[in-house]
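Asks: Next comes final08.cif, mmCIF, C-alpha atoms:
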```
data_structure
#
loop_
_atom_site.label_atom_id
_atom_site.label_comp_id
_atom_site.auth_asym_id
_atom_site.auth_seq_id
_atom_site.Cartn_x
_atom_site.Cartn_y
_atom_site.Cartn_z
CA MET A 448 156.38 68.66 190.14
CA LEU A 449 155.79 71.35 187.51
CA ASP A 450 153.49 74.13 188.67
CA PHE A 451 150.87 74.89 186.04
CA ASN A 452 149.60 77.82 188.11
CA SER A 453 152.93 79.59 188.03
CA SER A 454 153.48 82.48 185.60
CA THR A 455 157.16 81.51 185.31
CA PRO A 456 157.96 79.83 181.97
CA PHE A 457 158.94 76.19 182.13
CA PRO A 458 162.54 75.18 181.43
CA GLU A 459 163.61 75.45 177.80
CA GLY A 460 163.67 72.48 175.46
CA VAL A 461 162.12 69.05 175.97
CA ILE A 462 161.53 68.40 179.65
CA SER A 463 160.21 64.85 179.81
CA PHE A 464 160.45 61.49 178.07
CA LEU A 465 156.67 61.72 177.63
CA ASP A 466 156.83 65.15 176.00
CA THR A 467 155.82 63.56 172.71
CA ASP A 468 152.70 62.51 170.83
CA LEU A 469 151.04 59.24 171.79
CA TYR A 470 151.18 57.75 168.31
CA LYS A 471 154.98 57.62 168.44
CA LEU A 472 154.79 55.33 171.47
CA THR A 473 152.06 53.15 169.97
CA MET A 474 153.95 52.75 166.69
CA GLN A 475 157.12 51.92 168.60
CA CYS A 476 155.27 48.99 170.17
CA ALA A 477 154.32 47.65 166.76
CA VAL A 478 157.85 48.17 165.43
CA LEU A 479 159.28 46.35 168.44
CA LYS A 480 157.00 43.37 167.82
CA TYR A 481 157.38 43.04 164.04
CA HIS A 482 160.52 44.93 162.95
CA PRO A 483 162.92 45.11 165.92
CA ASP A 484 166.12 45.00 163.84
CA VAL A 485 165.18 47.01 160.75
CA PRO A 486 167.53 49.94 159.97
CA VAL A 487 165.93 53.23 158.88
CA THR A 488 166.73 56.82 157.99
CA TYR A 489 164.69 59.99 158.41
CA ALA A 490 164.72 63.21 156.35
CA PHE A 491 164.00 66.72 157.61
CA THR A 492 162.14 69.19 155.37
CA ASN A 493 161.56 72.88 155.98
CA ARG A 494 158.51 73.78 153.88
CA THR A 495 159.04 77.42 154.84
CA PRO A 496 162.65 77.81 153.63
CA GLU A 497 162.60 81.57 154.16
CA LYS A 498 162.68 80.79 157.89
CA LYS A 499 166.36 80.13 158.58
CA LEU A 500 168.45 79.90 161.75
CA SER A 501 171.42 81.90 162.95
CA ARG A 502 174.50 79.99 164.01
CA LYS A 503 173.62 80.88 167.61
CA ALA A 504 170.12 79.40 167.21
CA PHE A 505 171.55 76.31 165.53
CA GLU A 506 174.06 75.75 168.36
CA TRP A 507 171.23 76.04 170.91
CA LEU A 508 169.26 73.47 168.92
CA ARG A 509 172.23 71.12 168.77
CA THR A 510 172.77 71.45 172.54
CA GLN A 511 169.13 70.64 173.25
CA ILE A 512 169.29 67.60 170.96
CA SER A 513 172.32 66.33 172.85
CA LYS A 514 170.31 66.51 176.09
CA LEU A 515 167.66 64.12 174.79
CA GLY A 516 169.88 61.17 175.66
CA ASN A 517 169.84 62.22 179.32
CA ILE A 518 166.05 61.99 179.66
CA SER A 519 164.69 58.83 181.25
CA LEU A 520 161.27 57.55 182.21
CA SER A 521 160.41 58.52 185.79
CA GLU A 522 158.48 56.29 188.18
CA ASP A 523 155.45 58.60 187.98
CA GLU A 524 155.53 58.47 184.19
CA LEU A 525 155.77 54.69 184.19
CA ARG A 526 152.79 54.40 186.53
CA TYR A 527 150.80 56.75 184.33
CA LEU A 528 151.50 54.66 181.22
CA GLN A 529 150.58 51.46 183.06
CA THR A 530 147.27 53.01 184.17
CA HIS A 531 146.15 54.85 181.03
CA CYS A 532 148.07 53.13 178.23
CA ASN A 533 148.37 49.51 179.32
CA TYR A 534 148.74 48.44 175.66
CA LEU A 535 152.19 50.09 175.63
CA ARG A 536 155.52 48.54 176.52
CA VAL A 537 158.21 50.56 178.27
CA PRO A 538 160.14 52.22 175.44
CA PRO A 539 163.92 52.14 175.23
CA LEU A 540 165.86 55.33 175.92
CA PRO A 541 167.06 57.66 173.16
CA ARG A 542 170.50 57.09 171.66
CA GLU A 543 172.96 59.29 169.77
CA GLN A 544 171.83 58.72 166.19
CA ILE A 545 171.28 62.30 165.05
CA VAL A 546 173.54 64.40 162.81
CA THR A 547 172.93 68.14 162.36
CA GLU A 548 174.40 70.45 159.72
CA PHE A 549 174.49 74.25 159.36
CA GLN A 550 175.14 75.87 155.97
CA PRO A 551 175.67 79.65 156.15
CA ILE A 552 174.20 81.80 153.40
CA GLY A 553 177.05 83.69 151.74
CA GLU A 554 180.41 84.09 153.45
CA ASP A 555 181.00 81.92 156.50
CA THR A 556 182.41 84.35 159.05
CA GLY A 557 182.10 82.00 162.00
CA SER A 558 179.97 84.60 163.76
CA PRO A 559 177.00 83.61 165.98
CA ASP A 560 174.96 85.96 163.79
CA ASP A 561 175.66 84.08 160.52
CA ILE A 562 172.32 83.07 158.94
CA GLY A 563 171.96 79.77 157.19
CA ASP A 564 170.03 76.68 156.21
CA PHE A 565 170.19 73.64 158.45
CA GLN A 566 169.69 69.91 158.16
CA ILE A 567 168.81 67.12 160.58
CA HIS A 568 169.63 63.50 159.74
CA VAL A 569 168.55 60.46 161.77
CA ARG A 570 169.88 56.94 161.17
CA GLY A 571 169.63 53.71 163.19
CA LYS A 572 167.26 50.88 164.08
CA TRP A 573 163.63 51.85 163.63
CA VAL A 574 162.71 50.85 167.17
CA ASP A 575 165.48 53.10 168.56
CA THR A 576 164.95 56.16 166.37
CA ILE A 577 161.17 56.36 166.08
CA LEU A 578 160.78 58.64 169.10
CA TYR A 579 163.04 61.40 167.75
CA GLU A 580 160.62 63.05 165.31
CA ILE A 581 158.41 64.95 167.73
CA PRO A 582 161.12 66.40 170.03
CA LEU A 583 163.30 67.34 167.05
CA LEU A 584 160.47 69.26 165.38
CA ALA A 585 159.42 70.93 168.64
CA LEU A 586 163.00 71.96 169.39
CA THR A 587 163.53 73.34 165.88
CA SER A 588 160.43 75.51 166.18
CA GLU A 589 161.51 76.67 169.63
CA ALA A 590 164.98 77.57 168.33
CA TYR A 591 163.51 79.74 165.59
CA PHE A 592 161.19 81.64 167.90
CA ARG A 593 163.75 81.91 170.69
CA PHE A 594 166.43 83.49 168.50
CA MET A 595 165.02 84.62 165.14
CA ASP A 596 161.41 85.81 165.51
CA THR A 597 161.52 87.11 169.07
CA GLU A 598 158.96 89.94 169.17
CA TRP A 599 156.22 87.99 170.93
CA SER A 600 154.92 87.31 174.42
CA TYR A 601 153.11 84.60 176.39
CA ASP A 602 150.60 87.21 177.53
CA GLY A 603 147.06 86.25 176.61
CA GLN A 604 147.83 82.74 175.35
CA GLU A 605 145.71 80.97 177.95
CA GLU A 606 142.83 83.37 177.44
CA GLN A 607 143.06 83.06 173.67
CA ALA A 608 142.92 79.26 173.90
CA TYR A 609 139.98 79.51 176.31
CA ASN A 610 138.05 81.68 173.85
CA LYS A 611 138.81 79.33 170.94
CA GLY A 612 137.75 76.40 173.07
CA MET A 613 134.46 78.03 174.00
CA GLN A 614 133.65 78.68 170.33
CA LEU A 615 134.37 75.06 169.43
CA LEU A 616 132.35 73.77 172.38
CA GLU A 617 129.35 75.97 171.64
CA ALA A 618 129.44 74.76 168.03
CA GLY A 619 129.34 71.16 169.27
CA CYS A 620 132.84 70.17 168.12
CA ILE A 621 134.64 67.26 169.81
CA THR A 622 138.22 68.55 169.82
CA SER A 623 141.68 67.35 170.83
CA GLU A 624 144.84 69.44 171.04
CA PHE A 625 147.41 68.12 168.52
CA GLY A 626 150.01 70.91 168.62
CA THR A 627 153.25 69.42 169.93
CA ARG A 628 155.25 69.26 166.68
CA ARG A 629 155.04 72.92 165.69
CA ARG A 630 154.40 74.59 169.03
CA ARG A 631 156.22 77.77 170.00
CA ASP A 632 157.56 75.95 173.05
CA TYR A 633 156.38 73.67 175.85
CA HIS A 634 155.25 76.54 178.05
CA THR A 635 152.98 77.82 175.30
CA GLN A 636 151.43 74.39 174.84
CA ALA A 637 150.86 74.08 178.59
CA LEU A 638 149.16 77.49 178.73
CA VAL A 639 147.02 76.62 175.73
CA PHE A 640 145.89 73.31 177.10
CA ARG A 641 145.11 74.81 180.49
CA GLY A 642 142.91 77.35 178.68
CA LEU A 643 141.15 74.53 176.84
CA VAL A 644 140.57 72.57 180.05
CA LYS A 645 139.03 75.66 181.65
CA ALA A 646 136.84 76.14 178.60
CA ASN A 647 135.69 72.53 178.81
CA GLN A 648 134.73 72.98 182.46
CA GLU A 649 132.83 76.18 181.70
CA GLY A 650 131.23 74.64 178.62
CA GLU A 651 129.87 71.77 180.71
CA LYS A 652 128.27 74.28 183.10
CA LYS A 653 126.66 76.11 180.19
CA GLY A 654 125.46 72.88 178.60
CA PHE A 655 127.46 73.33 175.40
CA PRO A 656 127.27 70.23 173.18
CA GLY A 657 131.00 70.05 172.35
CA LYS A 658 133.89 68.59 174.32
CA ILE A 659 137.65 69.03 174.69
CA SER A 660 138.51 65.34 174.58
CA GLY A 661 142.22 65.56 175.36
CA THR A 662 145.70 66.14 174.00
CA SER A 663 148.09 64.08 171.90
CA ASN A 664 150.96 65.14 174.20
CA VAL A 665 151.44 62.35 176.73
CA HIS A 666 153.21 64.51 179.31
CA LEU A 667 150.47 67.15 179.36
CA ALA A 668 147.84 64.40 179.54
CA MET A 669 149.63 63.03 182.60
CA ARG A 670 149.88 66.44 184.27
CA PHE A 671 146.17 67.11 183.73
CA ASN A 672 145.26 63.50 184.64
CA ILE A 673 143.49 62.60 181.41
CA PRO A 674 144.14 59.84 178.84
CA PRO A 675 146.24 60.93 175.85
CA ILE A 676 144.77 60.90 172.34
CA GLY A 677 146.27 59.22 169.26
CA THR A 678 146.65 56.03 167.27
CA VAL A 679 148.89 55.79 164.20
CA ALA A 680 150.79 58.03 161.76
CA HIS A 681 151.91 57.77 158.13
CA GLU A 682 155.22 56.37 159.32
CA TRP A 683 153.78 52.94 160.11
CA PHE A 684 152.42 52.51 156.58
CA MET A 685 155.52 54.04 154.97
CA GLY A 686 157.89 51.77 156.87
CA THR A 687 155.84 48.62 156.27
CA ALA A 688 155.65 49.37 152.55
CA ALA A 689 159.39 50.03 152.28
CA ILE A 690 160.24 46.80 154.09
CA GLU A 691 157.81 44.75 152.01
CA ASN A 692 158.64 46.64 148.80
CA ASN A 693 155.24 45.52 147.57
CA TYR A 694 152.89 48.49 147.45
CA GLN A 695 149.95 46.46 146.21
CA GLU A 696 149.81 44.57 149.52
CA ALA A 697 151.66 46.85 151.94
CA THR A 698 148.65 48.74 153.30
CA GLU A 699 146.83 45.52 154.18
CA LYS A 700 150.03 44.20 155.81
CA ALA A 701 150.26 47.37 157.90
CA LEU A 702 146.64 47.05 159.04
CA GLN A 703 147.07 43.34 159.75
CA ARG A 704 150.12 43.92 161.93
CA TRP A 705 148.45 46.82 163.73
CA VAL A 706 145.58 44.55 164.76
CA GLY A 707 148.13 41.81 165.46
CA CYS A 708 149.91 44.07 167.93
CA PHE A 709 146.96 45.64 169.77
CA GLY A 710 143.90 43.53 168.97
CA GLU A 711 140.57 44.41 167.39
CA GLY A 712 138.97 47.67 168.49
CA VAL A 713 142.08 49.04 170.23
CA LEU A 714 143.65 52.24 168.83
CA GLY A 715 141.05 52.02 166.09
CA ILE A 716 141.39 55.22 164.06
CA ALA A 717 143.11 54.44 160.75
CA LEU A 718 144.99 56.99 158.64
CA THR A 719 143.93 56.82 155.00
CA ASP A 720 146.23 58.94 152.87
CA THR A 721 149.76 57.47 152.94
CA PHE A 722 149.43 56.19 149.36
CA GLY A 723 146.18 57.91 148.45
CA THR A 724 142.83 57.15 150.07
CA PRO A 725 141.46 55.01 147.16
CA ALA A 726 144.37 52.55 147.53
CA PHE A 727 143.85 52.47 151.30
CA LEU A 728 140.16 51.64 150.95
CA LYS A 729 140.92 48.55 148.85
CA ALA A 730 142.87 47.14 151.79
CA PHE A 731 140.39 48.45 154.37
CA SER A 732 137.60 46.39 152.82
CA GLN A 733 139.48 43.09 153.25
CA PRO A 734 138.67 40.55 155.99
CA ILE A 735 141.14 40.45 158.86
CA LYS A 736 143.75 37.72 158.66
CA TYR A 737 144.91 36.88 162.17
CA LEU A 738 148.61 36.80 162.96
CA PRO A 739 150.19 34.75 165.77
CA ASP A 740 149.75 36.29 169.22
CA THR A 741 147.02 38.71 168.15
CA PRO A 742 145.51 39.97 171.44
CA ASN A 743 141.95 38.83 172.15
CA ALA A 744 141.78 36.86 168.89
CA PRO A 745 139.50 33.81 168.74
CA ALA A 746 141.00 30.55 169.95
CA ALA A 747 143.28 28.82 167.43
CA ALA A 748 143.02 31.89 165.19
CA ASP A 749 146.59 32.01 163.88
CA GLY A 750 146.26 32.22 160.13
CA ALA A 751 142.47 32.20 160.29
CA VAL A 752 140.35 34.74 158.46
CA SER A 753 137.85 36.82 160.41
CA SER A 754 134.23 37.22 159.41
CA ARG A 755 134.76 40.97 159.80
CA THR A 756 136.73 43.45 157.68
CA TYR A 757 139.14 46.13 158.86
CA ALA A 758 136.49 48.72 157.99
CA GLU A 759 134.07 47.06 160.39
CA VAL A 760 136.56 46.64 163.24
CA PHE A 761 138.20 50.08 163.13
CA THR A 762 136.31 52.85 164.91
CA GLY A 763 136.87 55.22 162.02
CA VAL A 764 139.43 57.00 159.88
CA ARG A 765 141.53 60.18 159.97
CA GLN A 766 141.65 62.75 157.14
CA ASP A 767 144.98 64.58 156.87
CA SER A 768 145.29 65.83 153.28
CA GLY A 769 143.20 66.94 150.34
CA ASP A 770 139.70 68.38 150.24
CA PRO A 771 137.78 67.33 153.39
CA ALA A 772 134.37 67.71 151.73
CA GLU A 773 135.40 65.35 148.93
CA PHE A 774 136.83 62.97 151.54
CA VAL A 775 133.46 62.83 153.32
CA LYS A 776 131.72 61.96 150.04
CA LEU A 777 134.30 59.26 149.29
CA MET A 778 133.98 57.71 152.75
CA ARG A 779 130.17 57.77 152.61
CA LYS A 780 130.25 55.94 149.30
CA PHE A 781 132.78 53.44 150.65
CA TYR A 782 130.97 52.67 153.92
CA ASP A 783 127.67 52.35 152.03
CA SER A 784 129.29 49.73 149.82
CA GLN A 785 130.33 47.86 152.98
CA GLY A 786 126.88 48.06 154.58
CA ILE A 787 128.22 50.29 157.37
CA LYS A 788 126.08 53.22 158.51
CA SER A 789 128.09 55.32 160.93
CA LYS A 790 131.75 55.69 161.86
CA THR A 791 134.01 58.37 163.31
CA LEU A 792 135.83 60.78 161.01
CA VAL A 793 138.83 62.56 162.53
CA PHE A 794 140.00 65.74 160.80
CA SER A 795 143.55 66.91 161.51
CA ASP A 796 144.86 68.94 158.56
CA SER A 797 145.68 72.56 159.47
CA LEU A 798 142.39 73.23 161.21
CA ASN A 799 140.93 76.41 162.66
CA ILE A 800 137.52 77.14 164.18
CA GLU A 801 135.79 77.92 160.88
CA LYS A 802 137.07 74.73 159.25
CA CYS A 803 136.01 72.58 162.20
CA ILE A 804 132.49 73.96 162.09
CA GLU A 805 132.31 73.55 158.30
CA TYR A 806 133.58 69.95 158.32
CA LYS A 807 131.31 69.08 161.24
CA LYS A 808 128.26 70.12 159.23
CA VAL A 809 129.33 68.23 156.10
CA SER A 810 130.19 65.08 158.09
CA GLU A 811 127.03 64.97 160.15
CA GLU A 812 124.87 65.50 157.07
CA ALA A 813 126.55 62.38 155.65
CA GLY A 814 125.81 60.37 158.80
CA PHE A 815 129.27 60.46 160.41
CA ALA A 816 130.47 61.38 163.91
CA PRO A 817 133.25 63.97 163.35
CA THR A 818 136.06 64.86 165.75
CA PHE A 819 138.91 67.31 165.32
CA GLY A 820 142.62 67.29 166.10
CA VAL A 821 143.66 70.95 166.17
CA GLY A 822 147.37 71.70 166.39
CA THR A 823 149.35 74.71 165.20
CA PHE A 824 146.31 77.00 165.25
CA LEU A 825 146.30 76.52 169.03
CA THR A 826 149.96 76.19 170.02
CA ASN A 827 151.63 78.67 167.66
CA ASP A 828 149.20 81.55 167.18
CA PHE A 829 151.05 84.78 167.95
CA THR A 830 151.25 88.38 166.79
CA ASN A 831 154.52 90.22 166.24
CA LEU A 832 154.55 92.90 168.94
CA LYS A 833 156.35 95.44 166.75
CA THR A 834 154.52 95.04 163.44
CA GLY A 835 151.12 93.88 164.67
CA LYS A 836 151.16 91.21 161.95
CA LYS A 837 150.91 87.46 162.42
CA SER A 838 154.09 85.76 163.60
CA SER A 839 153.66 82.78 161.30
CA PRO A 840 154.76 79.27 162.37
CA MET A 841 157.40 77.17 160.66
CA ASN A 842 156.05 74.36 158.49
CA ILE A 843 158.57 71.60 159.20
CA VAL A 844 158.33 67.82 158.92
CA ILE A 845 160.52 64.80 159.58
CA LYS A 846 159.54 61.74 157.57
CA LEU A 847 160.88 58.23 157.26
CA SER A 848 163.11 58.25 154.16
CA SER A 849 164.21 54.60 154.05
CA ALA A 850 163.59 51.29 155.79
CA ASP A 851 165.63 48.11 155.41
CA GLY A 852 167.59 49.79 152.62
CA ASN A 853 164.54 50.67 150.49
CA PRO A 854 163.14 54.19 149.91
CA ALA A 855 160.19 55.15 152.11
CA ILE A 856 157.65 57.45 150.47
CA LYS A 857 154.30 59.12 151.07
CA ILE A 858 151.77 59.90 148.33
CA SER A 859 149.02 61.89 150.01
CA ASP A 860 145.66 63.19 148.79
CA ASN A 861 147.31 66.55 148.12
CA ALA A 862 150.45 66.60 145.91
CA GLY A 863 152.07 69.24 148.12
CA LYS A 864 152.41 66.72 150.93
CA ASN A 865 154.13 63.99 148.94
CA THR A 866 157.55 63.03 150.30
CA GLY A 867 160.45 60.76 149.46
CA ASP A 868 162.49 59.59 146.50
CA GLN A 869 160.82 61.00 143.37
CA ALA A 870 161.62 57.99 141.18
CA LYS A 871 159.99 55.69 143.75
CA VAL A 872 157.01 58.02 144.06
CA ASP A 873 156.48 57.92 140.30
CA GLU A 874 156.87 54.13 140.22
CA VAL A 875 154.32 53.55 142.99
CA LYS A 876 151.84 55.99 141.46
CA LYS A 877 151.82 53.85 138.32
CA GLN A 878 151.51 50.61 140.30
CA LEU A 879 148.52 51.86 142.29
CA GLY A 880 146.82 53.81 139.52
CA TYR A 881 147.17 56.94 141.64
CA GLN A 882 145.33 60.01 140.35
CA GLU A 883 147.28 63.21 141.03
CA LYS A 884 145.24 65.78 142.94
CA GLU A 885 145.72 69.41 143.80
CA TRP A 886 143.69 71.26 146.43
CA GLU A 887 143.41 75.03 146.30
CA GLU A 888 144.08 75.29 150.04
CA GLY A 889 146.99 72.84 149.92
CA ASP A 890 149.90 75.29 149.58
CA GLU A 891 152.29 73.91 152.19
CA THR A 892 154.53 77.01 152.10
CA ALA A 893 151.74 79.26 153.34
CA ARG A 894 149.59 77.10 155.61
CA TRP A 895 149.47 79.73 158.35
CA GLY A 896 150.47 82.79 156.35
CA LYS A 897 153.81 84.10 155.18
#
```
As structure tokens - that is how I would like this structure written.
Replies:
Amino acid sequence: MLDFNSSTPFPEGVISFLDTDLYKLTMQCAVLKYHPDVPVTYAFTNRTPEKKLSRKAFEWLRTQISKLGNISLSEDELRYLQTHCNYLRVPPLPREQIVTEFQPIGEDTGSPDDIGDFQIHVRGKWVDTILYEIPLLALTSEAYFRFMDTEWSYDGQEEQAYNKGMQLLEAGCITSEFGTRRRRDYHTQALVFRGLVKANQEGEKKGFPGKISGTSNVHLAMRFNIPPIGTVAHEWFMGTAAIENNYQEATEKALQRWVGCFGEGVLGIALTDTFGTPAFLKAFSQPIKYLPDTPNAPAAADGAVSSRTYAEVFTGVRQDSGDPAEFVKLMRKFYDSQGIKSKTLVFSDSLNIEKCIEYKKVSEEAGFAPTFGVGTFLTNDFTNLKTGKKSSPMNIVIKLSSADGNPAIKISDNAGKNTGDQAKVDEVKKQLGYQEKEWEEGDETARWGK
């Protein structure tokens, strides 16, 4: 059993099968049910290309990746999933489907100190490879800060998280920790979440209106004996669209299969911006068409059409790109058109305390119940001990790049977050009537400073 009261850092790398975000496990369930044999590829992107690895850092990363195949689900972990996530099936174990490349800058001397760019490629069946994204991103970040930017310390991380938590709680924000992908390392995330839990306990005593509702990291949720937080990511919509190769209907297909896998009202926060929020809302307003074996569906419902729409059944939506204030206006207009008064809005795009408080005010004025998924601001907020300047995080992503032989793309509400084959992106924009948008705070190369 890991000791959260110990000052000794946890072991390096990924330490548990559940050291991942919940939405990877939920999406794997849906993939297993509807697309068990579909081949996919994933592409790695470093949006902060000035942050490179040494050969020594790269070899450490490659060693840690090779260890992923040795991690299995323990009996305690299985019991936890059965208790808190009974909608999940036991996932298969990782397999060797990852290729890494190191490209030195300038002359290749073979030295451990050679600096270079690096690539990560993933290829295999979707159901087998879907769990790789989170550990690969977390390990890449850890490699950089273990070997490249090393002038930092764990000192004060728990206290810093406690203070941030208290500010959010006093302001009335309902907040979850979403920082696994770009954390400094697991030990940092554990310290941060312990600080948040302490803040939540103290906030309750003081009568603060906010709440720390949980963490997306399933392993930390298990260790702190709370349910994990999360529903679905862009990947589910991207993969469904690539397989269907029909972007006019793909979003509705993705929603239909999500309900078909889990039932109405389960895992009910929908992500809006995979192909632009306006295109999503067209599908969201459609009545639910039941698929075979939909949990808790009315009797003899296969192929039947519900009297309720996806917008009615889903608890709310998540905003992850573009201008949040404009998003609130768009969602108010949409829900008004559907005769729906109040829903939950989840904000998750590069948040800090000031943004949470600002978006809370705007949302509540529009009649919504806002919550906040705060990630990198919590789990990778350090100062360089020599310079006194911010030790800025890496901005790295791994996105589905193809499914069933077709390109997989994302067209978000901020052009800086678009990913995938450019020709396909341009084609789908025309099909959907997508309006290109820029947001002044949407510079992905400087999200947390240079």
Asks: What would the list of residues within 6 Å of (139.3, 47.6, 167.2) (file frame) look like as a VMD selection string, if only C-alpha atoms are what count?
Replies: chain A and resid 711 to 713 715 760 to 761
Asks: I need the residues from that last selection saved to file as a PDB file, in the frame of the given file (with C-alpha atoms), if you can.
Replies:
```pdb
ATOM      1  CA  GLU A 711     140.570  44.410 167.390  1.00  0.00           C
ATOM      2  CA  GLY A 712     138.970  47.670 168.490  1.00  0.00           C
ATOM      3  CA  VAL A 713     142.080  49.040 170.230  1.00  0.00           C
ATOM      4  CA  GLY A 715     141.050  52.020 166.090  1.00  0.00           C
ATOM      5  CA  VAL A 760     136.560  46.640 163.240  1.00  0.00           C
ATOM      6  CA  PHE A 761     138.200  50.080 163.130  1.00  0.00           C
TER       7      PHE A 761
END
```
Asks: Hey, can you pull every residue with an atom no more than 8 Å from (137.8, 71.9, 177.8), using all atoms listed in the file, and send it as an MDAnalysis selection string?
Replies: chainID A and resid 612:613 616 642:650 658:660
Asks: Determine, counting only C-alpha atoms, which protein, DNA and RNA residues have an atom within 7 Å of an atom of segment 691-705 of chain A; residues of the same chain fewer than 4 positions away are not included. Present the result as a PDB file with C-alpha atoms, in the coordinates of the input.
Replies:
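around.pdb written:
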```pdb
ATOM      1  CA  ALA A 477     154.320  47.650 166.760  1.00  0.00           C
ATOM      2  CA  TRP A 683     153.780  52.940 160.110  1.00  0.00           C
ATOM      3  CA  PHE A 684     152.420  52.510 156.580  1.00  0.00           C
ATOM      4  CA  THR A 687     155.840  48.620 156.270  1.00  0.00           C
ATOM      5  CA  PHE A 709     146.960  45.640 169.770  1.00  0.00           C
ATOM      6  CA  PHE A 727     143.850  52.470 151.300  1.00  0.00           C
ATOM      7  CA  ALA A 730     142.870  47.140 151.790  1.00  0.00           C
ATOM      8  CA  ILE A 735     141.140  40.450 158.860  1.00  0.00           C
ATOM      9  CA  LYS A 736     143.750  37.720 158.660  1.00  0.00           C
ATOM     10  CA  VAL A 875     154.320  53.550 142.990  1.00  0.00           C
ATOM     11  CA  LEU A 879     148.520  51.860 142.290  1.00  0.00           C
TER      12      LEU A 879
END
```
Asks: Can you list, as a ChimeraX atom specification, every protein, DNA or RNA residue that comes within 7 Å of Pro817 of chain A when you count all atoms listed in the file, leaving out same-chain residues fewer than 4 positions away?
Replies: /A:791-793,807,810
Asks: Taking 6 positions as the minimum chain separation for residues in the same chain, which residues sit within 12 Å of Val639 of chain A when counting all atoms listed in the file? Answer as a PyMOL selection string.
Replies: chain A and resi 451+601-612+623-627+630-633+645-646+662+667+821-829
Asks: Could you save the residues just selected, with C-alpha atoms, as a tab-separated table (two decimals), in the coordinates of the input?
Replies:
```
chain	number	residue	atom	x	y	z
A	451	PHE	CA	150.87	74.89	186.04
A	601	TYR	CA	153.11	84.60	176.39
A	602	ASP	CA	150.60	87.21	177.53
A	603	GLY	CA	147.06	86.25	176.61
A	604	GLN	CA	147.83	82.74	175.35
A	605	GLU	CA	145.71	80.97	177.95
A	606	GLU	CA	142.83	83.37	177.44
A	607	GLN	CA	143.06	83.06	173.67
A	608	ALA	CA	142.92	79.26	173.90
A	609	TYR	CA	139.98	79.51	176.31
A	610	ASN	CA	138.05	81.68	173.85
A	611	LYS	CA	138.81	79.33	170.94
A	612	GLY	CA	137.75	76.40	173.07
A	623	SER	CA	141.68	67.35	170.83
A	624	GLU	CA	144.84	69.44	171.04
A	625	PHE	CA	147.41	68.12	168.52
A	626	GLY	CA	150.01	70.91	168.62
A	627	THR	CA	153.25	69.42	169.93
A	630	ARG	CA	154.40	74.59	169.03
A	631	ARG	CA	156.22	77.77	170.00
A	632	ASP	CA	157.56	75.95	173.05
A	633	TYR	CA	156.38	73.67	175.85
A	645	LYS	CA	139.03	75.66	181.65
A	646	ALA	CA	136.84	76.14	178.60
A	662	THR	CA	145.70	66.14	174.00
A	667	LEU	CA	150.47	67.15	179.36
A	821	VAL	CA	143.66	70.95	166.17
A	822	GLY	CA	147.37	71.70	166.39
A	823	THR	CA	149.35	74.71	165.20
A	824	PHE	CA	146.31	77.00	165.25
A	825	LEU	CA	146.30	76.52	169.03
A	826	THR	CA	149.96	76.19	170.02
A	827	ASN	CA	151.63	78.67	167.66
A	828	ASP	CA	149.20	81.55	167.18
A	829	PHE	CA	151.05	84.78	167.95
```
Asks: For Val764 of chain A, which residue among A:Asn743, A:Gln544, A:Ser732, A:Thr719 is the nearest when counting all atoms listed in the file?
Replies: A:Thr719
Asks: Calculated over all atoms listed in the file, which of the candidates A:Lys884, A:Arg755, A:His666, A:Lys864 has the smallest distance to Tyr527 of chain A?
Replies: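 Of the candidates, the smallest distance to Tyr527 of chain A is held by A:His666.
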Asks: How would you write, as a list in words, the residues chosen by the PyMOL selection byres ((chain A and resi 574) around 8) on this structure?
Replies: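 This file, filtered by the PyMOL selection byres ((chain A and resi 574) around 8), leaves Gln475, Val478, Leu479, His482, Pro483, Asp484, Val485, Lys572, Trp573, Asp575, Thr576 and Ile577 of chain A.
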